[in-house]
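Have a look at final34.txt; it's compact mmCIF, C-alpha atoms:
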# COMPACT_ATOMS: atom_id res chain seq x y z
CA MET A 1 7.63 78.10 -34.35
CA GLU A 2 8.17 76.14 -31.07
CA ASN A 3 10.22 77.19 -28.05
CA GLY A 4 12.67 79.94 -28.90
CA GLY A 5 10.44 82.11 -31.08
CA GLY A 6 12.06 84.88 -33.10
CA ASP A 7 15.45 84.45 -31.39
CA LEU A 8 15.77 80.93 -32.78
CA GLU A 9 14.68 82.07 -36.22
CA ALA A 10 17.32 84.82 -36.23
CA LYS A 11 20.09 82.43 -35.22
CA ILE A 12 19.07 79.94 -37.91
CA GLU A 13 19.01 82.71 -40.55
CA MET A 14 22.50 83.78 -39.56
CA LEU A 15 23.84 80.20 -39.75
CA LEU A 16 22.15 79.67 -43.11
CA ASN A 17 24.07 82.65 -44.47
CA VAL A 18 27.29 81.18 -43.11
CA GLU A 19 26.42 77.81 -44.68
CA LYS A 20 25.81 79.51 -48.03
CA GLN A 21 29.18 81.27 -47.97
CA MET A 22 31.03 78.06 -47.00
CA ARG A 23 29.19 76.02 -49.63
CA GLN A 24 29.91 78.47 -52.45
CA VAL A 25 33.65 78.45 -51.76
CA GLY A 26 33.66 74.66 -51.37
CA ASP A 27 34.65 74.65 -47.71
CA VAL A 28 33.52 71.18 -46.62
CA ALA A 29 34.40 71.53 -42.94
CA GLY A 30 32.77 74.96 -42.65
CA THR A 31 29.58 73.86 -44.42
CA ARG A 32 29.32 70.72 -42.31
CA LYS A 33 29.72 72.73 -39.08
CA ALA A 34 27.10 75.31 -40.06
CA VAL A 35 24.59 72.58 -40.93
CA THR A 36 25.10 70.62 -37.71
CA ASP A 37 24.90 73.85 -35.66
CA ILE A 38 21.49 74.62 -37.15
CA LEU A 39 20.21 71.16 -36.19
CA GLN A 40 21.65 71.46 -32.70
CA LEU A 41 19.88 74.80 -32.17
CA CYS A 42 16.54 73.30 -33.16
CA PHE A 43 17.09 70.26 -30.95
CA GLU A 44 18.04 72.29 -27.86
CA ALA A 45 15.00 74.54 -28.37
CA GLY A 46 12.70 71.51 -28.73
CA ALA A 47 11.59 72.85 -32.12
CA TRP A 48 10.96 69.49 -33.79
CA ARG A 49 8.83 70.85 -36.64
CA THR A 50 11.48 73.48 -37.40
CA LEU A 51 14.11 70.74 -37.29
CA ASN A 52 12.26 68.73 -39.95
CA ASP A 53 11.80 71.85 -42.11
CA GLN A 54 15.49 72.76 -41.89
CA ILE A 55 16.59 69.25 -42.82
CA VAL A 56 14.51 69.39 -46.00
CA LEU A 57 15.61 72.98 -46.78
CA ILE A 58 19.33 72.31 -46.34
CA SER A 59 19.23 69.14 -48.45
CA LYS A 60 17.61 71.01 -51.35
CA ARG A 61 19.97 74.00 -51.44
CA ARG A 62 21.69 74.46 -54.78
CA GLY A 63 25.04 72.68 -55.09
CA GLN A 64 24.77 71.22 -51.60
CA LEU A 65 27.85 69.25 -50.63
CA LYS A 66 27.49 65.50 -50.12
CA GLN A 67 29.55 65.64 -46.94
CA ALA A 68 27.20 68.24 -45.48
CA VAL A 69 24.09 66.15 -46.21
CA GLN A 70 25.75 63.07 -44.75
CA ALA A 71 26.75 64.93 -41.58
CA MET A 72 23.25 66.38 -41.29
CA VAL A 73 21.55 62.96 -41.55
CA GLN A 74 23.96 61.37 -39.09
CA GLN A 75 23.47 64.25 -36.61
CA ALA A 76 19.68 64.12 -36.86
CA MET A 77 19.63 60.33 -36.35
CA GLN A 78 21.07 60.87 -32.87
CA TYR A 79 17.92 62.81 -31.94
CA ILE A 80 15.47 60.04 -32.89
CA ASP A 81 15.51 58.28 -29.53
CA GLN A 82 15.19 61.61 -27.70
CA THR A 83 11.95 62.71 -29.32
CA PRO A 84 9.12 63.56 -26.88
CA ASP A 85 6.52 61.21 -28.38
CA LEU A 86 6.00 58.48 -30.98
CA ASP A 87 4.41 60.76 -33.61
CA THR A 88 7.40 63.13 -33.48
CA LYS A 89 9.78 60.19 -33.79
CA ILE A 90 7.97 58.79 -36.83
CA GLU A 91 7.86 62.21 -38.48
CA LEU A 92 11.61 62.73 -38.01
CA ILE A 93 12.39 59.26 -39.37
CA LYS A 94 10.20 59.86 -42.43
CA THR A 95 11.85 63.25 -43.05
CA LEU A 96 15.33 61.75 -42.91
CA ASN A 97 14.22 58.83 -45.05
CA SER A 98 12.92 61.12 -47.79
CA VAL A 99 16.11 63.22 -47.71
CA SER A 100 18.39 60.18 -47.96
CA ALA A 101 16.38 58.37 -50.66
CA GLY A 102 18.35 57.86 -53.85
CA LYS A 103 21.62 59.14 -52.36
CA ILE A 104 24.26 56.42 -52.37
CA TYR A 105 26.47 58.26 -49.87
CA VAL A 106 23.80 57.93 -47.17
CA GLU A 107 22.47 54.49 -48.15
CA ILE A 108 23.63 52.89 -44.89
CA GLU A 109 21.92 55.61 -42.85
CA ARG A 110 18.71 55.09 -44.85
CA ALA A 111 18.82 51.33 -44.20
CA ARG A 112 19.10 51.99 -40.46
CA LEU A 113 16.22 54.46 -40.61
CA ILE A 114 14.04 51.93 -42.44
CA LYS A 115 14.87 49.33 -39.80
CA LYS A 116 13.83 51.72 -37.00
CA LEU A 117 10.56 52.54 -38.74
CA ALA A 118 9.84 48.86 -39.40
CA LYS A 119 10.37 48.09 -35.72
CA ILE A 120 7.81 50.74 -34.77
CA LYS A 121 5.30 49.31 -37.27
CA GLU A 122 5.86 45.83 -35.87
CA GLU A 123 5.26 47.05 -32.31
CA GLN A 124 1.99 48.53 -33.55
CA GLY A 125 1.00 45.10 -34.88
CA LEU A 126 1.45 46.09 -38.54
CA ILE A 127 3.62 43.11 -39.53
CA ALA A 128 2.83 43.30 -43.25
CA GLU A 129 3.76 47.01 -43.43
CA ALA A 130 6.97 46.36 -41.50
CA ALA A 131 7.93 43.54 -43.89
CA ASP A 132 7.20 45.68 -46.96
CA LEU A 133 9.33 48.52 -45.56
CA MET A 134 12.31 46.24 -44.94
CA GLN A 135 12.12 44.77 -48.43
CA GLU A 136 12.64 48.23 -49.96
CA VAL A 137 16.34 48.01 -49.12
CA ALA A 138 18.83 45.63 -50.75
CA VAL A 139 21.73 45.83 -48.28
CA GLU A 140 23.69 43.09 -50.06
CA THR A 141 24.76 45.74 -52.61
CA PHE A 142 26.14 48.11 -49.94
CA GLY A 143 29.92 47.93 -50.18
CA ALA A 144 30.59 50.13 -47.15
CA MET A 145 28.28 48.30 -44.74
CA ALA A 146 29.86 45.87 -42.26
CA LYS A 147 29.28 42.19 -43.06
CA THR A 148 27.59 41.47 -39.73
CA GLU A 149 25.22 44.41 -40.17
CA LYS A 150 24.26 43.19 -43.65
CA ILE A 151 23.54 39.70 -42.34
CA ALA A 152 21.54 41.05 -39.39
CA PHE A 153 19.44 43.21 -41.75
CA ILE A 154 18.68 40.32 -44.12
CA LEU A 155 17.79 38.05 -41.20
CA GLU A 156 15.35 40.69 -40.00
CA GLN A 157 13.79 40.69 -43.47
CA VAL A 158 13.47 36.89 -43.34
CA ARG A 159 11.97 36.97 -39.84
CA LEU A 160 9.27 39.46 -40.81
CA CYS A 161 8.36 37.41 -43.89
CA LEU A 162 8.01 34.31 -41.70
CA ASP A 163 5.89 36.29 -39.25
CA ARG A 164 3.51 37.23 -42.06
CA GLU A 165 3.66 33.63 -43.38
CA ASP A 166 5.22 34.67 -46.68
CA TYR A 167 7.36 31.55 -47.00
CA VAL A 168 8.27 31.99 -50.66
CA ARG A 169 9.79 35.43 -50.11
CA ALA A 170 11.44 34.24 -46.90
CA GLN A 171 13.24 31.52 -48.85
CA ILE A 172 14.34 33.97 -51.56
CA LEU A 173 15.75 36.38 -48.97
CA SER A 174 17.47 33.61 -46.98
CA ARG A 175 19.41 32.58 -50.10
CA LYS A 176 21.19 35.92 -50.01
CA ILE A 177 23.16 34.52 -47.07
CA SER A 178 25.61 31.71 -47.76
CA PRO A 179 26.11 29.40 -44.74
CA ARG A 180 29.84 29.49 -45.51
CA VAL A 181 29.96 33.13 -44.39
CA PHE A 182 29.57 31.94 -40.78
CA GLU A 183 32.72 29.85 -41.01
CA ALA A 184 34.96 32.89 -41.56
CA ASP A 185 37.86 33.30 -39.13
CA THR A 186 36.98 36.43 -37.16
CA SER A 187 40.29 36.34 -35.27
CA LYS A 188 42.27 37.47 -38.31
CA GLU A 189 43.13 41.14 -38.57
CA LYS A 190 41.14 43.13 -41.07
CA LYS A 191 43.02 44.04 -44.21
CA LYS A 192 43.38 47.70 -45.01
CA PRO A 193 41.35 48.66 -48.07
CA LYS A 194 43.32 49.27 -51.23
CA GLU A 195 43.24 52.58 -53.00
CA GLY A 196 39.88 53.10 -54.67
CA GLU A 197 38.07 50.53 -52.50
CA ALA A 198 35.18 51.55 -50.26
CA ILE A 199 35.99 51.89 -46.57
CA VAL A 200 33.84 49.47 -44.59
CA GLU A 201 32.14 51.06 -41.61
CA GLU A 202 32.14 49.50 -38.16
CA ALA A 203 28.88 47.76 -37.26
CA PRO A 204 26.77 49.44 -34.54
CA ALA A 205 27.18 48.12 -31.01
CA ASP A 206 23.74 46.46 -31.02
CA ILE A 207 24.59 44.17 -33.96
CA PRO A 208 25.23 40.56 -32.81
CA SER A 209 28.54 38.79 -33.47
CA LEU A 210 28.96 36.45 -36.44
CA LEU A 211 28.42 33.30 -34.34
CA GLU A 212 25.32 34.78 -32.73
CA LEU A 213 24.01 35.60 -36.21
CA LYS A 214 24.71 32.01 -37.25
CA LYS A 215 22.44 30.77 -34.47
CA ILE A 216 19.71 33.25 -35.44
CA TYR A 217 20.01 32.22 -39.11
CA TYR A 218 19.49 28.52 -38.39
CA GLN A 219 16.66 29.22 -35.95
CA LEU A 220 14.86 31.08 -38.73
CA MET A 221 15.57 28.27 -41.21
CA ILE A 222 14.08 25.79 -38.72
CA ARG A 223 10.91 27.89 -38.74
CA TYR A 224 10.92 27.84 -42.55
CA TYR A 225 11.45 24.07 -42.90
CA ALA A 226 8.91 23.34 -40.15
CA HIS A 227 6.24 24.83 -42.42
CA SER A 228 6.72 21.96 -44.88
CA ASN A 229 7.67 19.32 -42.25
CA ASN A 230 11.08 18.86 -43.84
CA TYR A 231 12.50 16.93 -40.90
CA LEU A 232 15.92 16.21 -42.40
CA GLU A 233 16.64 19.88 -43.11
CA ILE A 234 15.42 20.81 -39.63
CA CYS A 235 17.82 18.22 -38.22
CA ARG A 236 20.71 19.69 -40.23
CA CYS A 237 19.90 23.16 -38.91
CA TYR A 238 19.98 21.91 -35.33
CA LYS A 239 23.24 20.14 -36.13
CA SER A 240 24.76 23.46 -37.25
CA ILE A 241 23.56 25.15 -34.04
CA TYR A 242 25.03 22.25 -32.05
CA GLU A 243 28.47 22.87 -33.61
CA ILE A 244 28.63 26.50 -32.40
CA PRO A 245 31.38 26.62 -29.72
CA SER A 246 29.31 28.59 -27.19
CA VAL A 247 26.53 25.99 -27.48
CA LYS A 248 28.78 22.93 -27.35
CA GLU A 249 30.53 24.16 -24.21
CA ASP A 250 27.31 24.58 -22.23
CA PRO A 251 25.31 21.41 -21.38
CA ALA A 252 22.24 23.53 -20.67
CA GLN A 253 22.31 24.56 -24.35
CA TRP A 254 23.58 21.47 -26.20
CA ILE A 255 21.40 18.84 -24.45
CA PRO A 256 18.08 20.30 -25.75
CA VAL A 257 19.64 20.74 -29.20
CA LEU A 258 20.97 17.16 -29.28
CA ARG A 259 17.54 15.88 -28.24
CA LYS A 260 16.00 17.73 -31.19
CA ILE A 261 18.64 16.26 -33.54
CA CYS A 262 17.73 12.75 -32.39
CA TRP A 263 13.98 13.27 -32.77
CA TYR A 264 14.22 14.76 -36.25
CA LEU A 265 16.61 12.00 -37.35
CA VAL A 266 13.95 9.46 -36.36
CA LEU A 267 11.20 11.47 -38.08
CA ALA A 268 13.16 11.97 -41.33
CA PRO A 269 12.59 9.41 -44.12
CA HIS A 270 15.52 7.09 -44.72
CA ASP A 271 18.02 8.26 -47.34
CA PRO A 272 21.85 8.47 -47.57
CA MET A 273 22.02 11.89 -45.87
CA GLN A 274 19.79 10.72 -43.01
CA SER A 275 21.86 7.57 -42.62
CA SER A 276 25.11 9.54 -42.53
CA LEU A 277 23.78 11.96 -39.90
CA LEU A 278 22.39 9.07 -37.88
CA ASN A 279 25.74 7.29 -37.71
CA SER A 280 27.70 10.46 -36.94
CA THR A 281 25.27 11.29 -34.13
CA LEU A 282 25.63 7.80 -32.66
CA ASP A 283 29.40 8.36 -32.57
CA ASP A 284 28.96 11.54 -30.54
CA LYS A 285 30.23 11.03 -26.98
CA ASN A 286 27.71 13.55 -25.65
CA LEU A 287 24.90 11.16 -26.56
CA SER A 288 25.84 9.11 -23.47
CA GLU A 289 24.41 11.97 -21.39
CA ILE A 290 20.95 11.20 -22.78
CA PRO A 291 20.96 7.34 -22.94
CA HIS A 292 17.25 7.14 -23.81
CA PHE A 293 17.92 8.84 -27.13
CA ARG A 294 20.96 6.68 -27.83
CA LEU A 295 18.68 3.65 -27.47
CA LEU A 296 16.15 5.26 -29.81
CA LEU A 297 18.74 5.80 -32.55
CA LYS A 298 20.24 2.34 -32.06
CA GLN A 299 16.92 0.76 -32.92
CA LEU A 300 16.95 2.48 -36.30
CA VAL A 301 20.38 1.21 -37.37
CA THR A 302 19.65 -2.41 -36.46
CA MET A 303 17.42 -4.77 -38.37
CA GLU A 304 15.47 -5.73 -35.26
CA VAL A 305 11.70 -5.31 -35.34
CA ILE A 306 10.46 -2.19 -33.55
CA GLN A 307 7.17 -2.65 -31.76
CA TRP A 308 5.30 0.64 -32.13
CA THR A 309 3.29 0.32 -28.94
CA ALA A 310 6.36 -0.53 -26.87
CA LEU A 311 8.36 2.30 -28.41
CA TRP A 312 5.57 4.83 -27.88
CA ASP A 313 5.09 3.77 -24.26
CA THR A 314 8.83 4.24 -23.68
CA PHE A 315 9.25 7.58 -25.35
CA LYS A 316 5.82 9.20 -25.10
CA ASP A 317 6.75 11.34 -22.10
CA GLU A 318 10.01 12.47 -23.72
CA PHE A 319 8.16 13.25 -26.95
CA GLU A 320 5.56 15.40 -25.22
CA ASN A 321 8.18 17.06 -23.03
CA GLU A 322 9.82 18.59 -26.11
CA ARG A 323 7.26 21.40 -26.11
CA ASN A 324 8.93 22.67 -22.92
CA MET A 325 12.44 22.45 -24.39
CA LEU A 326 14.42 24.66 -26.79
CA GLY A 327 12.60 24.96 -30.13
CA GLY A 328 9.26 23.93 -28.71
CA SER A 329 6.96 21.19 -29.99
CA LEU A 330 8.06 18.83 -32.76
CA GLY A 331 4.99 19.72 -34.81
CA GLU A 332 1.37 18.64 -35.16
CA LYS A 333 2.11 15.78 -37.56
CA ALA A 334 5.20 14.52 -35.73
CA ALA A 335 3.50 11.72 -33.76
CA GLU A 336 1.75 10.42 -36.89
CA ASP A 337 4.98 10.60 -38.93
CA LEU A 338 6.91 8.83 -36.19
CA LYS A 339 4.49 5.90 -36.38
CA LEU A 340 4.87 5.87 -40.17
CA ARG A 341 8.68 5.69 -39.88
CA VAL A 342 8.38 2.72 -37.49
CA ILE A 343 6.06 0.89 -39.91
CA GLU A 344 8.48 1.54 -42.79
CA HIS A 345 11.35 0.19 -40.68
CA GLU A 346 9.40 -3.00 -39.90
CA ALA A 347 8.47 -3.48 -43.56
CA GLU A 348 12.09 -3.05 -44.63
CA LYS A 349 13.20 -5.64 -42.08
CA HIS A 350 10.67 -8.24 -43.23
CA LEU A 351 11.35 -7.61 -46.91
CA SER A 352 15.04 -8.24 -46.21
CA ASP A 353 14.22 -11.47 -44.37
CA MET A 354 12.09 -12.64 -47.28
CA VAL A 355 14.93 -12.01 -49.73
CA VAL A 356 17.43 -13.87 -47.52
CA SER A 357 15.07 -16.83 -47.13
CA LYS A 358 14.52 -16.79 -50.93
CA ALA A 359 10.81 -16.28 -50.48
CA LEU A 360 11.30 -13.17 -52.60
CA VAL A 361 13.71 -12.66 -55.48
CA ALA A 362 15.32 -9.21 -55.68
CA LYS A 363 17.87 -7.51 -57.89
CA ILE A 364 19.77 -4.20 -58.03
CA ASP A 365 18.35 -1.54 -60.34
CA ARG A 366 21.81 -0.17 -61.12
CA PRO A 367 20.84 3.01 -63.04
CA MET A 368 18.59 4.08 -60.16
CA GLY A 369 20.94 2.81 -57.45
CA ARG A 370 18.25 1.00 -55.49
CA LYS A 371 17.01 -2.49 -54.72
CA VAL A 372 13.68 -3.55 -56.19
CA ALA A 373 11.54 -6.62 -55.56
CA THR A 374 10.82 -8.62 -58.71
CA LYS A 375 8.80 -11.78 -58.03
CA PHE A 376 7.83 -14.49 -55.58
CA THR A 377 9.35 -17.96 -55.83
CA ARG A 378 7.48 -20.46 -58.01
CA ARG A 379 6.25 -22.38 -54.95
CA GLN A 380 4.65 -19.34 -53.34
CA TRP A 381 3.18 -18.06 -56.59
CA SER A 382 1.54 -21.36 -57.41
CA THR A 383 0.09 -21.96 -53.95
CA LYS A 384 -1.16 -18.47 -53.01
CA PRO A 385 -3.78 -16.19 -54.54
CA HIS A 386 -2.74 -13.03 -56.33
CA SER A 387 -3.45 -10.47 -53.63
CA LYS A 388 -2.74 -6.77 -54.10
CA PHE A 389 0.12 -7.16 -51.67
CA GLU A 390 1.77 -9.90 -53.76
CA THR A 391 1.04 -8.25 -57.10
CA LEU A 392 2.84 -5.09 -56.06
CA MET A 393 5.87 -7.14 -55.08
CA ILE A 394 5.85 -8.87 -58.46
CA LEU A 395 5.76 -5.52 -60.21
CA GLY A 396 8.91 -4.60 -58.32
CA GLU A 397 7.58 -1.37 -56.83
CA VAL A 398 8.90 -1.31 -53.29
CA GLY A 399 7.70 2.29 -52.91
CA ASN A 400 4.16 1.26 -53.84
CA LEU A 401 4.43 -1.74 -51.55
CA LEU A 402 5.22 0.49 -48.58
CA SER A 403 2.35 2.79 -49.55
CA ALA A 404 0.03 -0.20 -49.56
CA LEU A 405 1.24 -1.16 -46.10
CA VAL A 406 0.44 2.29 -44.83
CA ALA A 407 -2.96 2.32 -46.55
CA ILE A 408 -4.13 -0.91 -44.93
CA ARG A 409 -2.57 -0.44 -41.49
CA ASN A 410 -5.79 1.13 -40.19
CA LYS A 411 -7.58 -2.18 -40.82
CA PHE A 412 -5.14 -4.04 -38.60
CA LEU A 413 -4.65 -1.70 -35.66
CA ASN A 414 -5.27 -4.56 -33.20
CA VAL A 415 -3.04 -7.05 -35.02
CA GLU A 416 0.75 -6.99 -34.87
CA ILE A 417 2.16 -6.17 -38.30
CA THR A 418 4.84 -8.80 -37.91
CA ASP A 419 2.27 -11.60 -37.54
CA TRP A 420 0.32 -10.28 -40.50
CA LEU A 421 3.42 -10.28 -42.73
CA ARG A 422 4.26 -13.87 -41.74
CA GLN A 423 0.76 -15.03 -42.60
CA ASN A 424 1.06 -13.50 -46.07

Please re-express this file's structure in C-alpha cells.
Amino acid sequence: MENGGGDLEAKIEMLLNVEKQMRQVGDVAGTRKAVTDILQLCFEAGAWRTLNDQIVLISKRRGQLKQAVQAMVQQAMQYIDQTPDLDTKIELIKTLNSVSAGKIYVEIERARLIKKLAKIKEEQGLIAEAADLMQEVAVETFGAMAKTEKIAFILEQVRLCLDREDYVRAQILSRKISPRVFEADTSKEKKKPKEGEAIVEEAPADIPSLLELKKIYYQLMIRYYAHSNNYLEICRCYKSIYEIPSVKEDPAQWIPVLRKICWYLVLAPHDPMQSSLLNSTLDDKNLSEIPHFRLLLKQLVTMEVIQWTALWDTFKDEFENERNMLGGSLGEKAAEDLKLRVIEHEAEKHLSDMVVSKALVAKIDRPMGRKVATKFTRRQWSTKPHSKFETLMILGEVGNLLSALVAIRNKFLNVEITDWLRQN
C-alpha cells in the first residue's frame, strides 16, 4: 500500500463497516458519504492503486445502492486530471469504465470516460483505437444527457472516422444528427420535465454552444463531401456556415466563406439546385465586397461565351490563393473540373444558338423534363458527312454529345472551341 501504510488501511476498514451498516438499513445519504470518504482518503494519501481496488470492491458489494455507485464514479472522475502520470490516469479511467459498464444510471459518466480515453489514444497517434472506443457508445439513446453534449459526442465520432478515412461509417454516424436540430430557439426557457420523465443534466462547461456545434458539423460534412468531390453539397455546407449569425456579422469570417460558396457553385455541374443557389448568391448584397467573384458568377448565368484562357488568366491567382483561406485548397481535381464546367457552358450556348437558327431541331422530352436534340435540318444532313459529332446529335443524346466534346478537346487545345463548332 502507498503513502499512509497501516493507518490508511485501518481508516478504510472502519469506513467500510460504516458503509455496510448504512447499506443494510437502506440509508442512501449515509452510504454515499461513507463511499466518497473512502475515495477521498485514498486520494489525499496518493494511494492510487488502493483507490482503484476500493472502487472495484465497493461496486461489487452485495445489494450495493445505485446512488452510492453513481456518487463513487462521479467523485473518482474528479481525480482523473490530478493523477501523477499518464499510466495512472489510464488505469483509473479503465477501472471506472469497467465499473460503470452495463449500468444505465451511470451511462453518461461512462460516455465521458470513453471520450477521455479516446482523446489519450488519439494523442498517442492511435487514431483507429480511439475511433473504435468512441463507437462503443450510442449516446443518442441517453435520455438524461444534454442535447448539446450528445451532438458534440457524435461529432467527435464522425471526426475520428474521417481521420481514419472510414467514410462509410462517418456518413452513418453523421445521419444521427438532423440539421434541423441546429435551428432550435435556444432563447426559450426550458420546460420542466413531467412526472416520470428523465431529468436532463446540464452539459459540461467545455461543450460548445448549439451554433458552434452547427459550424463544426458542417465543417466535418465538407471534409466528407470533399472525398467524393461533391461540389454542390460542399457549397450547401458553406452556405449553412455563412448563415450563422456570428459568421455573418464578421467580415473576416464571412468573406472567406462567401468566396468558397462562389468557387463551388462554379465547380458544381448545372442542375436546378445549383441554379437556385447561384441566383440567390448573386442577389446577396455582400457579394459587392468581392466584385471579382460577382463577375465570375455573372458569366455563368448569361449565355455569353466564356473563353477558358481569359477566365483562367483572370482568376488563377484567386484560385490558388484559396489554399491560404478558410477551408484550404479547393481540391486536387478542382482546376480540371473548372475547365470542364467552362467547356460545358460553351457547348450549351452553341447548342442553343443552333436551335434558334434552326440548324438543329429540338423538342422537350416531357417525362424526363429535359431538352434533347433530335436531328439536323435536311440541308445540313444532305450536304455534310455523318461525323460522330453529328450522329450523336441525331440520336438526341445531349449528355453523350457533351461527353464527346470533352473526349476530343485534347486534340484541339490550340484551337478555340467556338471556331471549331462553327466549322462543324

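Of the listed residues (A:Ala170, A:Ala334, A:Val342, A:Met22), A:Ala170 comes nearest to Tyr224 (chain A); the distances count all atoms listed in the file.
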
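Near Ala310 (chain A), within 12 Å and counting all atoms listed in the file, sit Leu296, Lys316, Lys339, Val342 and Glu416 of chain A, not including residues fewer than 6 positions from it in the same chain.
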
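Considering only C-alpha atoms, the residue among A:Phe315, A:Ile104, A:Tyr231, A:His292 positioned nearest to Ala144 (chain A) is A:Ile104.
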
### Task
Mind checking which residues fall within 9 Å of Asp37 (chain A), counting all atoms listed in the file, ignoring those fewer than 5 positions away in the same chain, and posting them as an MDAnalysis selection string?
chainID A and resid 12 15 32 42

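Across the structure, CA of Ile199 (chain A) and CA of Ile172 (chain A) are spaced 28.5 Å apart.
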
### Query
How far is it from CA of Ile290 (chain A) to CA of Asp271 (chain A), in Å with one decimal?
24.9 Å

### Task
Fewer than 5 positions away in the same chain doesn't count, so skip those; otherwise give me all residues within 9 Å of Thr88 (chain A), counting only C-alpha atoms, as a PyMOL selection string.
chain A and resi 48-49+80+83+93

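Our summary of the geometry notes that CA of Asp27 (chain A) is positioned 10.1 Å from CA of Ala68 (chain A).
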
### Query
Leaving out Trp254 (chain A) and any residue of its chain fewer than 6 positions from it, which residues lie within 7 Å of it when counting all atoms listed in the file, given as number ranges by chain?
A: 242, 247-248

### Message
Calculated over all atoms listed in the file, which of the candidates A:Val266, A:Leu8, A:Ala252, A:Leu326 has the smallest distance to Leu340 (chain A)?
### Response
A:Val266

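Proximity ranking of A:Tyr105, A:Asp166, A:Lys333, A:Ile151 relative to Glu212 (chain A) places A:Ile151 first, based on only C-alpha atoms.
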
Box dimensions and centre (Å, one decimal) enclosing region 319-330 of chain A, axis-aligned, 8 Å extra per side, as JSON:
{"center_x": 10.0, "center_y": 19.1, "center_z": -27.8, "size_x": 24.9, "size_y": 27.7, "size_z": 25.8}
